[in-house]
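Inspection log for the structure reproduced underneath, given as structure tokens.
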Amino acid sequence: MRTLNLAGKWQLIQSDQRGHIAAQVPGCVHLDLLAAGRIPDPYYRDNENQLQWIGEKTWIYSRTFTFPKNMLQADQLLLCCDGLDTLATIILNGRKVGRADNMHRRWEFDVTSSCKPGVNRLEIRFDSVLPYIRRCEKKRHLPTWVFPGGSWVRKEPCNFGWDWGPRLITCGIWRNIELRAFDTARFADVAIRQQQQNRQVNLKISTKLERRQKIPLKIAACVAYKGKIVGQTECVSRRTNDLLQISIKNPNLWWPNGMGEQPLYEINVELRDGDGNLLDVVSRRIGLRTLELQRNKDRWGQSFQFVINGRPFFAKGADWIPADTFAPRVDENLYRRLLQSAADAHMNMLRVWGGGIYESETFYNLCDELGLCIWQDFMFACSTYPTFDKAFLANVRAEAEDNIKRLRHHACLTMWCGNNELEQNLVASRWDDKHMSWRDYSRLFDKLLPEVVRQYDPDRPYWPGSPHRPVGDREQYNHHTAGDAHLWQVWHRHEPFEWYRSAKHRFVSEFGFQSFPEPRTVETFTCSADRNITSPVMEHHQRHPRGNKLIMSYMLDWFRMPKNFEMTLWLSQILQAMGIEYGVEHFRRNRPRTMGTIYWQLNDCWPVASWASIDSNGRWKALHYRARRFYAPLLLSAVEFPENSRIELHVTSDLHAATSAKITWQILNLDGGILSRGSCARRIPGAKNTKLTVVDMTSQVQRYGRNNLLLFSQLHVNHQCVNTTLTSLVKPKRLELRNPTITSRVRRVHPGEFAITLKAKKPALWTWLELTNHDGDFSDNFLHLLPGAAHIINLKTNAGLSVAEVKRQLRIRSLFDTYES
């Protein structure tokens with residue numbers, strides 16, 4: 001096989017205009033227009049509104065190329081397009097060679113008869129999807145919660161806008177494009193299945209050939225680990241389908257983050273002709289493991305837990321959305337920064353949400369390396385779909401086949417899920433203005449998709465939708481006895497954070513709360529006059545219709561009114577972190593009844609007020625720093641009972657084995673005086689929650705009052721503090737906090753790394769650090785400081801700063817500073 005990569009420099013023209021601009025492939029029309037200076041930054045202020053015309057137009061990409069001589073002599077020439085967004089017509093040397101109508105598919109076009117020696121001209125015309133959508137909607141309306149008619153086309157759903165994202169309707173060659181020359185035969189498919197038994201893994205490698213000549217061919221498979229061959233085999237192929245088997249003794253098993261290592265094996269499968277000439281090769285990197293979704297009857301209903309290598313584990317993570325509105329702009333560095341951040345917060349699972357895209361190979365490769373299990377939605381979300389249309393179903397089947405074949409070898413891939421939230425009030429007994437029928441819903445999500453999964457990825461579970469109730473009345477979604485749940489009572493239904501403690505669901509795959517990005521991020525899309533949360537620009541960067549109102553309503557329920565715009569932004573992050581922490585701590589205490597929490601959402605696609613714990617610039621919000629605490633393998637949490645002045649202390653362990661621990665606590669007043677101390681040593685069972693003790697604060701309440709007390713607790717293992725929690729009997733706004741008078745000392749540890757020692761004279765709640773002009777990675781943030789105790793935070797920065805410059809830029813604030821001048 002020979003290839004000619006066609007990525008790189010192209011030309012772009014608007015079909016009803018003259019003159020072209022330079023274009024970059026992979027890419028999209030917005031990025032090319034931006035690079036050419038034809039449009040302003042779509043993310044700045046409300047520029048998005050001025051750019052809606054782009055999605056209405058037809059755009060043409062073109063380039064020329066010259067074939068190498070050895071390619072023109074091939075038996076077959078294929079134009080292979082990994083991603084065309086979306087309605088595309090492909091023209092080579094003036095001849096139409098094919099059409100595409102699905103952004104999520106790989107497309108191949110036979111161009112053997114259309115190529116010529118010398119210069120060839122390739123043109124790809126992208127028609128606007130909007131006229132097609134309008135025509136379809138005029139014939140038959142598809143009920144939806146989002147963009148009307150968007151589900152008529154197989155395109156990234158959130159491209160039409162969402163309640164956290166802009167409406168910037170793209171088109172273009174968004175993934176790689178190349179020409180491939182084949183002789184004699186090529187691999188049409190290579191599938192790898194594994195079976196564990198008796199300290200051995202048996203690999204079954206199934207190959208399917210596309211032959212142009214009926215001659216004997218040689219297939220050879222080789223497995224290597226850390227560069228050393230650990231297994232190999234070969235066969236002579238005289239047919240289309242063959243099976244090769246390799247056994248690996250004493251395998252190194254792949255584990256999720258926090259449970260073990262992530263060893264990866266390299267598999268190469270080669271196809272050669274009788275003379276030994278290489279015809280084709282397929283390379284895969286796999287992890288050796290078993291993974292299942294276990295659903296057994298139990299005393300609460302039906303379990304929902306993932307089991308890796310025979311060991312059940314509690315899923316800890318967040319929902320993933322596209323990392324940029326313009327997908328071609330997402331590179332390995334951005335993927336790595338976001339995914340490493342997830343792993344650093346002790347996450348072991350991400351849910352790739354069904355309103356975005358099937359991510360690139362880079363994403364899944366990194367998840368393999370980091371031990372991040374992937375709950376993979378098919379790309380259907382919050383809308384009904386024309387499953388009554390045979391052509392639509394055929395298109396979806398091809399899409400599913402393409403992506404299952406592309407991704408199934410990844411160790412991280414945990415489960416296929418049919419859709420996001422269709423069973424949450426979008427399906428009923430018959431079609432009407434708000435629903436599709438169960439019959440048409442089942443045609444796709446109960447029949448077609450599971451059938452394709454069984455055919456091409458039979459060892460991986462399929463789940464029809466999220467949320468989904470597998471037993472009983474299916475329309476009673478989010479049921480506490482079985483299945484997974486999206487719990488939006490907090491936020492959408494304005495229930496208080498305390499509501500979480502009433503939830504007993506088996507697996508929580510969505511729940512969340514919004515916050516604003518930090519001031520430095522807000523400055524990237526605003527001018528000074530915009531910096532008020534009710535300004536038109538700030539409301540433009542808030543896509544939930546009640547978003548800012550809900551943030552402020554909850555904020556005033558828990559905290560005092562912030563003193564200015566900057567502190568409103570910061571306090572919203574503390575509020576968000578506290579709310580999600582409230583929920584996760586409860587769900588983890590509720591194991592094994594609840595066996596997973598995936599909060600909405602990990603990341604953003606543009607600068608916006610949203611549910612994300614990492615903003616669009618990659619900056620950790622307070623929530624992400626707190627996630628590193630509440631997702632830790634050993635969690636210390638508290639449950640307060642103000643009515644009788646008692647606080648329960650719990651330790652939740654995700655460790656496989658029991659561990660010895662010591663828990664200490666102290667009751668303080670707001671001047672920092674220690675009123676009482678206590679401790680206990682316990683053997684903490686693995687994979688379980690343990691209620692350790694109840695701290696009775698009755699006498700302190702009687703003397704000092706509830707508004708003047710804090711309980712600070714620490715969990716120690718091997719003489720090291722591994723988790724802490726701070727609790728009060730009243731909401732923070734009732735605490736009469738003193739000025740903590742925080743001091744700091746900075747010393748250089750290594751180039752670009754500094755140790756910052758913090759001390760406070762009074763309790764300092766939710767203390768956070770930032771650099772005024774540069775980004776930095778802090779080892780901890782939004783933490784609680786106690787008087788007299790030194791707390792060391794490490795800072796890493798690539799800005800080349802000196803100690804003096806760090807001191808000059810370092811800002812340290814706490815909850816007290818949000819309302820006191």
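Chains: A, B, ... in order of the structure tokens. Residues: from 1 per chain. Ligands: from 1, in order shown.
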Contacts between stretch 515-535 of chain A and stretch 674-771 of chain A, please, where a residue of stretch 674-771 of chain A counts if it comes within 12 Å (with only C-alpha atoms); show its shortest atom pair and distance in Å to one decimal, rows by chain and ascending number, as a tab-separated table.
```
residue	atom	partner	partner_atom	distance
A:Trp768	CA	A:Glu518	CA	11.7
A:Leu769	CA	A:Glu518	CA	12.0
A:Glu770	CA	A:Arg520	CA	10.1
A:Leu771	CA	A:Arg520	CA	10.0
```
Using only N, CA, C and O atoms, please write the residues we just selected to a file, as a PDB file, in the first residue's frame.
```pdb
ATOM      1  N   TRP A 768      -7.619  30.657  48.123  1.00  0.00           N
ATOM      2  CA  TRP A 768      -7.134  30.361  46.771  1.00  0.00           C
ATOM      3  C   TRP A 768      -5.989  31.290  46.384  1.00  0.00           C
ATOM      4  O   TRP A 768      -5.867  32.409  46.867  1.00  0.00           O
ATOM      5  N   LEU A 769      -5.126  30.773  45.518  1.00  0.00           N
ATOM      6  CA  LEU A 769      -3.951  31.481  45.039  1.00  0.00           C
ATOM      7  C   LEU A 769      -4.052  31.654  43.532  1.00  0.00           C
ATOM      8  O   LEU A 769      -4.613  30.806  42.829  1.00  0.00           O
ATOM      9  N   GLU A 770      -3.467  32.728  43.039  1.00  0.00           N
ATOM     10  CA  GLU A 770      -3.348  32.932  41.599  1.00  0.00           C
ATOM     11  C   GLU A 770      -2.160  33.826  41.308  1.00  0.00           C
ATOM     12  O   GLU A 770      -1.691  34.571  42.181  1.00  0.00           O
ATOM     13  N   LEU A 771      -1.656  33.723  40.101  1.00  0.00           N
ATOM     14  CA  LEU A 771      -0.676  34.664  39.593  1.00  0.00           C
ATOM     15  C   LEU A 771      -1.393  35.673  38.723  1.00  0.00           C
ATOM     16  O   LEU A 771      -2.262  35.305  37.918  1.00  0.00           O
TER      17      LEU A 771
END
```
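Look at A:Leu668: the protein and nucleic acid residues within 8 Å of it, using only C-alpha atoms and passing over chain neighbours fewer than 4 places away, are Gly672, Gly673, Ile674, Leu675, Ser676, Leu709, Leu710, Leu711 and Phe712 of chain A.
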Written file, previous selection with N, CA and C atoms, as a compact mmCIF listing (two decimals), in the first residue's frame:
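After the write, out.txt holds the following:
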```txt
# COMPACT_ATOMS: atom_id res chain seq x y z
N GLY A 672 -10.02 30.87 66.01
CA GLY A 672 -9.00 29.85 65.86
C GLY A 672 -8.68 29.11 67.12
N GLY A 673 -9.37 29.43 68.21
CA GLY A 673 -9.14 28.73 69.46
C GLY A 673 -9.65 27.30 69.40
N ILE A 674 -8.85 26.37 69.87
CA ILE A 674 -9.24 24.96 69.87
C ILE A 674 -10.03 24.68 71.14
N LEU A 675 -11.27 24.27 70.98
CA LEU A 675 -12.17 24.04 72.10
C LEU A 675 -12.19 22.59 72.53
N SER A 676 -11.89 21.68 71.58
CA SER A 676 -11.92 20.26 71.90
C SER A 676 -11.16 19.51 70.81
N LEU A 709 -18.62 28.16 65.30
CA LEU A 709 -17.92 26.89 65.46
C LEU A 709 -17.57 26.25 64.12
N LEU A 710 -16.42 25.57 64.10
CA LEU A 710 -15.99 24.77 62.96
C LEU A 710 -15.48 23.44 63.48
N LEU A 711 -15.67 22.39 62.68
CA LEU A 711 -15.06 21.09 62.96
C LEU A 711 -14.10 20.78 61.82
N PHE A 712 -12.82 20.64 62.19
CA PHE A 712 -11.80 20.32 61.19
C PHE A 712 -11.29 18.91 61.46
```
*Using only C-alpha atoms, determine which residues lie at most 12 Å from A:Pro131, disregarding the query and same-chain residues fewer than 3 positions distant; provide the list as an NGL selection string.*
:A and (55-58 or 87 or 127-128 or 134-138 or 149-150 or 152-153)
*If you count only C-alpha atoms, which residues fall within 10 Å of A:Pro322, apart from same-chain ones fewer than 3 positions away, as a PyMOL selection string?*
chain A and resi 156+158-159+165+325-327+330+352-353+355-359+603-606
Could you please take those selected residues and save all heavy atoms as a compact mmCIF listing (two decimals), in the first residue's frame?
```txt
# COMPACT_ATOMS: atom_id res chain seq x y z
N GLU A 156 -22.38 16.97 14.05
CA GLU A 156 -22.17 17.23 15.47
C GLU A 156 -23.36 18.03 16.02
O GLU A 156 -23.56 19.20 15.65
CB GLU A 156 -20.87 18.01 15.65
CG GLU A 156 -20.56 18.40 17.07
CD GLU A 156 -19.31 19.27 17.15
OE1 GLU A 156 -18.86 19.79 16.11
OE2 GLU A 156 -18.78 19.43 18.26
N CYS A 158 -24.09 19.62 18.84
CA CYS A 158 -23.88 20.89 19.53
C CYS A 158 -23.32 21.96 18.61
O CYS A 158 -23.17 23.12 19.02
CB CYS A 158 -22.98 20.70 20.75
SG CYS A 158 -21.29 20.18 20.38
N ASN A 159 -23.01 21.62 17.36
CA ASN A 159 -22.61 22.61 16.37
C ASN A 159 -23.71 23.63 16.11
O ASN A 159 -23.46 24.76 15.68
CB ASN A 159 -22.23 21.90 15.06
CG ASN A 159 -21.26 22.67 14.20
OD1 ASN A 159 -21.39 22.70 12.99
ND2 ASN A 159 -20.29 23.31 14.81
N GLY A 165 -22.94 26.24 24.72
CA GLY A 165 -22.09 26.42 23.55
C GLY A 165 -22.70 27.31 22.49
O GLY A 165 -23.92 27.45 22.41
N THR A 325 -15.24 24.45 19.94
CA THR A 325 -16.31 24.50 18.94
C THR A 325 -15.78 24.09 17.57
O THR A 325 -16.50 23.48 16.78
CB THR A 325 -16.90 25.91 18.88
OG1 THR A 325 -17.42 26.25 20.17
CG2 THR A 325 -18.01 26.00 17.86
N PHE A 326 -14.53 24.43 17.31
CA PHE A 326 -13.90 24.10 16.03
C PHE A 326 -12.98 22.89 16.26
O PHE A 326 -11.82 23.03 16.66
CB PHE A 326 -13.13 25.30 15.49
CG PHE A 326 -13.97 26.55 15.41
CD1 PHE A 326 -13.64 27.69 16.12
CD2 PHE A 326 -15.14 26.56 14.66
CE1 PHE A 326 -14.43 28.82 16.05
CE2 PHE A 326 -15.95 27.70 14.59
CZ PHE A 326 -15.59 28.83 15.29
N ALA A 327 -13.51 21.70 16.01
CA ALA A 327 -12.83 20.45 16.36
C ALA A 327 -11.42 20.34 15.78
O ALA A 327 -10.53 19.81 16.46
CB ALA A 327 -13.69 19.26 15.93
N VAL A 330 -8.35 21.22 18.00
CA VAL A 330 -7.98 20.44 19.18
C VAL A 330 -6.80 19.54 18.83
O VAL A 330 -6.91 18.62 18.03
CB VAL A 330 -9.17 19.60 19.67
CG1 VAL A 330 -8.76 18.80 20.91
CG2 VAL A 330 -10.37 20.49 19.98
N VAL A 352 -18.12 10.19 27.12
CA VAL A 352 -18.11 10.99 25.89
C VAL A 352 -19.56 11.17 25.47
O VAL A 352 -20.20 10.25 24.97
CB VAL A 352 -17.28 10.32 24.78
CG1 VAL A 352 -17.34 11.14 23.50
CG2 VAL A 352 -15.82 10.18 25.23
N TRP A 353 -20.05 12.36 25.68
CA TRP A 353 -21.46 12.70 25.56
C TRP A 353 -21.94 12.68 24.11
O TRP A 353 -21.21 13.04 23.18
CB TRP A 353 -21.64 14.09 26.18
CG TRP A 353 -22.93 14.77 25.95
CD1 TRP A 353 -24.13 14.48 26.51
CD2 TRP A 353 -23.14 15.91 25.11
NE1 TRP A 353 -25.09 15.37 26.08
CE2 TRP A 353 -24.50 16.25 25.21
CE3 TRP A 353 -22.32 16.67 24.29
CZ2 TRP A 353 -25.05 17.34 24.52
CZ3 TRP A 353 -22.85 17.74 23.60
CH2 TRP A 353 -24.21 18.06 23.72
N GLY A 355 -23.85 14.45 22.27
CA GLY A 355 -24.14 15.64 21.47
C GLY A 355 -22.93 16.22 20.78
O GLY A 355 -23.01 17.32 20.23
N GLY A 356 -21.82 15.48 20.81
CA GLY A 356 -20.58 16.00 20.24
C GLY A 356 -20.09 15.19 19.06
O GLY A 356 -20.78 15.03 18.05
N ILE A 357 -18.88 14.64 19.20
CA ILE A 357 -18.24 13.88 18.13
C ILE A 357 -17.64 12.60 18.72
O ILE A 357 -17.40 12.52 19.92
CB ILE A 357 -17.13 14.69 17.41
CG1 ILE A 357 -16.05 15.12 18.42
CG2 ILE A 357 -17.72 15.89 16.69
CD1 ILE A 357 -14.85 15.80 17.80
N TYR A 358 -17.40 11.63 17.85
CA TYR A 358 -16.53 10.53 18.20
C TYR A 358 -15.11 11.09 18.13
O TYR A 358 -14.67 11.53 17.05
CB TYR A 358 -16.69 9.37 17.22
CG TYR A 358 -18.12 8.87 17.05
CD1 TYR A 358 -18.93 9.37 16.03
CD2 TYR A 358 -18.66 7.91 17.90
CE1 TYR A 358 -20.23 8.93 15.86
CE2 TYR A 358 -19.96 7.45 17.73
CZ TYR A 358 -20.75 7.96 16.72
OH TYR A 358 -22.04 7.52 16.55
N GLU A 359 -14.43 11.10 19.25
CA GLU A 359 -13.16 11.81 19.31
C GLU A 359 -12.08 11.13 18.48
O GLU A 359 -12.24 10.00 18.01
CB GLU A 359 -12.70 11.95 20.77
CG GLU A 359 -13.63 12.80 21.63
CD GLU A 359 -13.57 14.28 21.29
OE1 GLU A 359 -12.59 14.71 20.63
OE2 GLU A 359 -14.50 15.02 21.68
N ASN A 603 -15.20 19.88 30.83
CA ASN A 603 -14.50 20.90 30.04
C ASN A 603 -15.48 21.79 29.29
O ASN A 603 -16.68 21.51 29.23
CB ASN A 603 -13.56 20.22 29.04
CG ASN A 603 -14.29 19.26 28.12
OD1 ASN A 603 -15.06 18.40 28.56
ND2 ASN A 603 -14.07 19.39 26.82
N ASP A 604 -14.95 22.85 28.73
CA ASP A 604 -15.72 23.80 27.92
C ASP A 604 -15.20 23.82 26.49
O ASP A 604 -14.04 23.47 26.23
CB ASP A 604 -15.62 25.21 28.50
CG ASP A 604 -16.62 25.47 29.60
OD1 ASP A 604 -17.72 24.90 29.54
OD2 ASP A 604 -16.31 26.25 30.53
N CYS A 605 -16.05 24.32 25.56
CA CYS A 605 -15.64 24.45 24.17
C CYS A 605 -15.40 25.90 23.77
O CYS A 605 -14.92 26.17 22.68
CB CYS A 605 -16.69 23.82 23.24
SG CYS A 605 -18.28 24.68 23.24
N TRP A 606 -15.75 26.84 24.65
CA TRP A 606 -15.50 28.27 24.43
C TRP A 606 -15.64 28.94 25.79
O TRP A 606 -16.11 28.31 26.76
CB TRP A 606 -16.42 28.86 23.36
CG TRP A 606 -17.85 29.12 23.81
CD1 TRP A 606 -18.65 28.28 24.55
CD2 TRP A 606 -18.62 30.31 23.58
NE1 TRP A 606 -19.88 28.86 24.76
CE2 TRP A 606 -19.89 30.11 24.19
CE3 TRP A 606 -18.37 31.51 22.93
CZ2 TRP A 606 -20.89 31.07 24.13
CZ3 TRP A 606 -19.38 32.46 22.87
CH2 TRP A 606 -20.62 32.24 23.47
```
*Which polymer residues have any atom within 10 Å of an atom of A:Leu244, counting only C-alpha atoms, with same-chain residues fewer than 4 positions away left out, as a PyMOL selection string?*
chain A and resi 192+203-207+219-221+232-235+269
*asked:* When DSSP is applied to the backbone of this structure, which of stretch 65-219 of chain A are assigned alpha helix (DSSP H)? Write them out as a list of chain:residue names.
replied: A:Lys69, A:Asn70, A:Met71, A:Leu72, A:Val129, A:Leu130, A:Pro131, A:Tyr132, A:Ile133, A:Arg134, A:Arg135, A:Cys136, A:Glu137, A:Lys138, A:Lys139
_Near-A:Gln340 list (9 Å; only C-alpha atoms; drop same-chain fewer than 3 positions) as a VMD selection string_ = chain A and resid 335 to 337 343 to 345 366 to 367 370
For all heavy atoms, I'd like the residues from the last selection saved as an mmCIF file, in the first residue's frame.
```cif
data_model
loop_
_atom_site.group_PDB
_atom_site.id
_atom_site.type_symbol
_atom_site.label_atom_id
_atom_site.label_comp_id
_atom_site.auth_asym_id
_atom_site.auth_seq_id
_atom_site.Cartn_x
_atom_site.Cartn_y
_atom_site.Cartn_z
ATOM 1 N N TYR A 335 -5.669 17.929 24.294
ATOM 2 C CA TYR A 335 -6.189 16.656 24.810
ATOM 3 C C TYR A 335 -5.417 16.224 26.056
ATOM 4 O O TYR A 335 -5.992 15.846 27.075
ATOM 5 C CB TYR A 335 -6.056 15.562 23.750
ATOM 6 C CG TYR A 335 -7.190 15.452 22.759
ATOM 7 C CD1 TYR A 335 -6.916 15.298 21.400
ATOM 8 C CD2 TYR A 335 -8.516 15.449 23.175
ATOM 9 C CE1 TYR A 335 -7.940 15.161 20.470
ATOM 10 C CE2 TYR A 335 -9.550 15.304 22.254
ATOM 11 C CZ TYR A 335 -9.260 15.167 20.903
ATOM 12 O OH TYR A 335 -10.280 15.012 19.989
ATOM 13 N N ARG A 336 -4.093 16.257 25.962
ATOM 14 C CA ARG A 336 -3.259 15.766 27.065
ATOM 15 C C ARG A 336 -3.485 16.610 28.316
ATOM 16 O O ARG A 336 -3.560 16.084 29.434
ATOM 17 C CB ARG A 336 -1.787 15.768 26.667
ATOM 18 C CG ARG A 336 -0.882 15.137 27.719
ATOM 19 C CD ARG A 336 0.558 15.050 27.232
ATOM 20 N NE ARG A 336 0.715 14.148 26.105
ATOM 21 C CZ ARG A 336 0.821 12.833 26.219
ATOM 22 N NH1 ARG A 336 0.772 12.256 27.420
ATOM 23 N NH2 ARG A 336 0.978 12.078 25.154
ATOM 24 N N ARG A 337 -3.575 17.918 28.163
ATOM 25 C CA ARG A 337 -3.759 18.783 29.330
ATOM 26 C C ARG A 337 -5.079 18.484 30.032
ATOM 27 O O ARG A 337 -5.136 18.379 31.258
ATOM 28 C CB ARG A 337 -3.707 20.253 28.899
ATOM 29 C CG ARG A 337 -3.834 21.235 30.061
ATOM 30 C CD ARG A 337 -3.523 22.635 29.624
ATOM 31 N NE ARG A 337 -4.421 23.119 28.590
ATOM 32 C CZ ARG A 337 -4.362 24.314 28.033
ATOM 33 N NH1 ARG A 337 -3.406 25.159 28.399
ATOM 34 N NH2 ARG A 337 -5.218 24.684 27.108
ATOM 35 N N ALA A 343 -7.133 12.707 35.191
ATOM 36 C CA ALA A 343 -6.417 11.665 35.934
ATOM 37 C C ALA A 343 -5.846 12.212 37.240
ATOM 38 O O ALA A 343 -5.857 11.522 38.272
ATOM 39 C CB ALA A 343 -5.306 11.080 35.064
ATOM 40 N N ASP A 344 -5.351 13.447 37.212
ATOM 41 C CA ASP A 344 -4.780 14.051 38.416
ATOM 42 C C ASP A 344 -5.829 14.249 39.504
ATOM 43 O O ASP A 344 -5.495 14.323 40.690
ATOM 44 C CB ASP A 344 -4.132 15.388 38.084
ATOM 45 C CG ASP A 344 -2.843 15.234 37.286
ATOM 46 O OD1 ASP A 344 -2.307 14.114 37.234
ATOM 47 O OD2 ASP A 344 -2.394 16.235 36.700
ATOM 48 N N ALA A 345 -7.090 14.336 39.107
ATOM 49 C CA ALA A 345 -8.183 14.477 40.074
ATOM 50 C C ALA A 345 -8.745 13.111 40.480
ATOM 51 O O ALA A 345 -9.851 13.024 41.004
ATOM 52 C CB ALA A 345 -9.296 15.357 39.503
ATOM 53 N N LEU A 366 -4.574 8.461 24.590
ATOM 54 C CA LEU A 366 -4.216 9.064 25.872
ATOM 55 C C LEU A 366 -5.021 8.456 27.012
ATOM 56 O O LEU A 366 -4.496 8.236 28.112
ATOM 57 C CB LEU A 366 -4.426 10.575 25.813
ATOM 58 C CG LEU A 366 -3.439 11.346 24.942
ATOM 59 C CD1 LEU A 366 -3.882 12.794 24.770
ATOM 60 C CD2 LEU A 366 -2.033 11.303 25.547
ATOM 61 N N CYS A 367 -6.291 8.177 26.765
ATOM 62 C CA CYS A 367 -7.107 7.527 27.798
ATOM 63 C C CYS A 367 -6.587 6.134 28.112
ATOM 64 O O CYS A 367 -6.593 5.697 29.267
ATOM 65 C CB CYS A 367 -8.571 7.481 27.369
ATOM 66 S SG CYS A 367 -9.368 9.100 27.345
ATOM 67 N N LEU A 370 -3.616 6.709 30.405
ATOM 68 C CA LEU A 370 -3.920 7.316 31.699
ATOM 69 C C LEU A 370 -4.881 6.484 32.539
ATOM 70 O O LEU A 370 -5.141 6.825 33.695
ATOM 71 C CB LEU A 370 -4.504 8.712 31.488
ATOM 72 C CG LEU A 370 -3.553 9.739 30.882
ATOM 73 C CD1 LEU A 370 -4.310 11.002 30.480
ATOM 74 C CD2 LEU A 370 -2.429 10.079 31.855
#
```
*Within 7 Å of A:His716, counting only C-alpha atoms, which residues qualify if same-chain residues fewer than 2 places away don't, as a list in words?*
Ala661, Lys662, Ile663, Gln714, Asn718, His719, Gln720, Cys721 and Val722 of chain A
Go ahead and save the residues from that selection, with C-alpha atoms, as a short mmCIF file (atom, residue, chain, number, x, y, z; two decimals), in the first residue's frame.
```
data_model
loop_
_atom_site.label_atom_id
_atom_site.label_comp_id
_atom_site.auth_asym_id
_atom_site.auth_seq_id
_atom_site.Cartn_x
_atom_site.Cartn_y
_atom_site.Cartn_z
CA ALA A 661 -5.79 4.84 59.49
CA LYS A 662 -6.01 7.46 62.19
CA ILE A 663 -8.66 10.18 62.21
CA GLN A 714 -7.96 14.85 59.12
CA ASN A 718 1.29 5.92 57.57
CA HIS A 719 1.66 9.21 59.47
CA GLN A 720 0.69 11.26 56.41
CA CYS A 721 -2.48 13.30 56.00
CA VAL A 722 -4.32 11.95 52.95
#
```
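Using only C-alpha atoms for every distance, the candidate list A:Gly752, A:Pro148, A:Pro166, A:Gly788 yields A:Gly752 as the residue closest to A:Leu801.
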*Run DSSP on the backbone and give me the residues of stretch 490-583 of chain A it puts in strand (DSSP E or B), as a list in words.*
Val508, Ser509, Glu510 and Ser515 of chain A
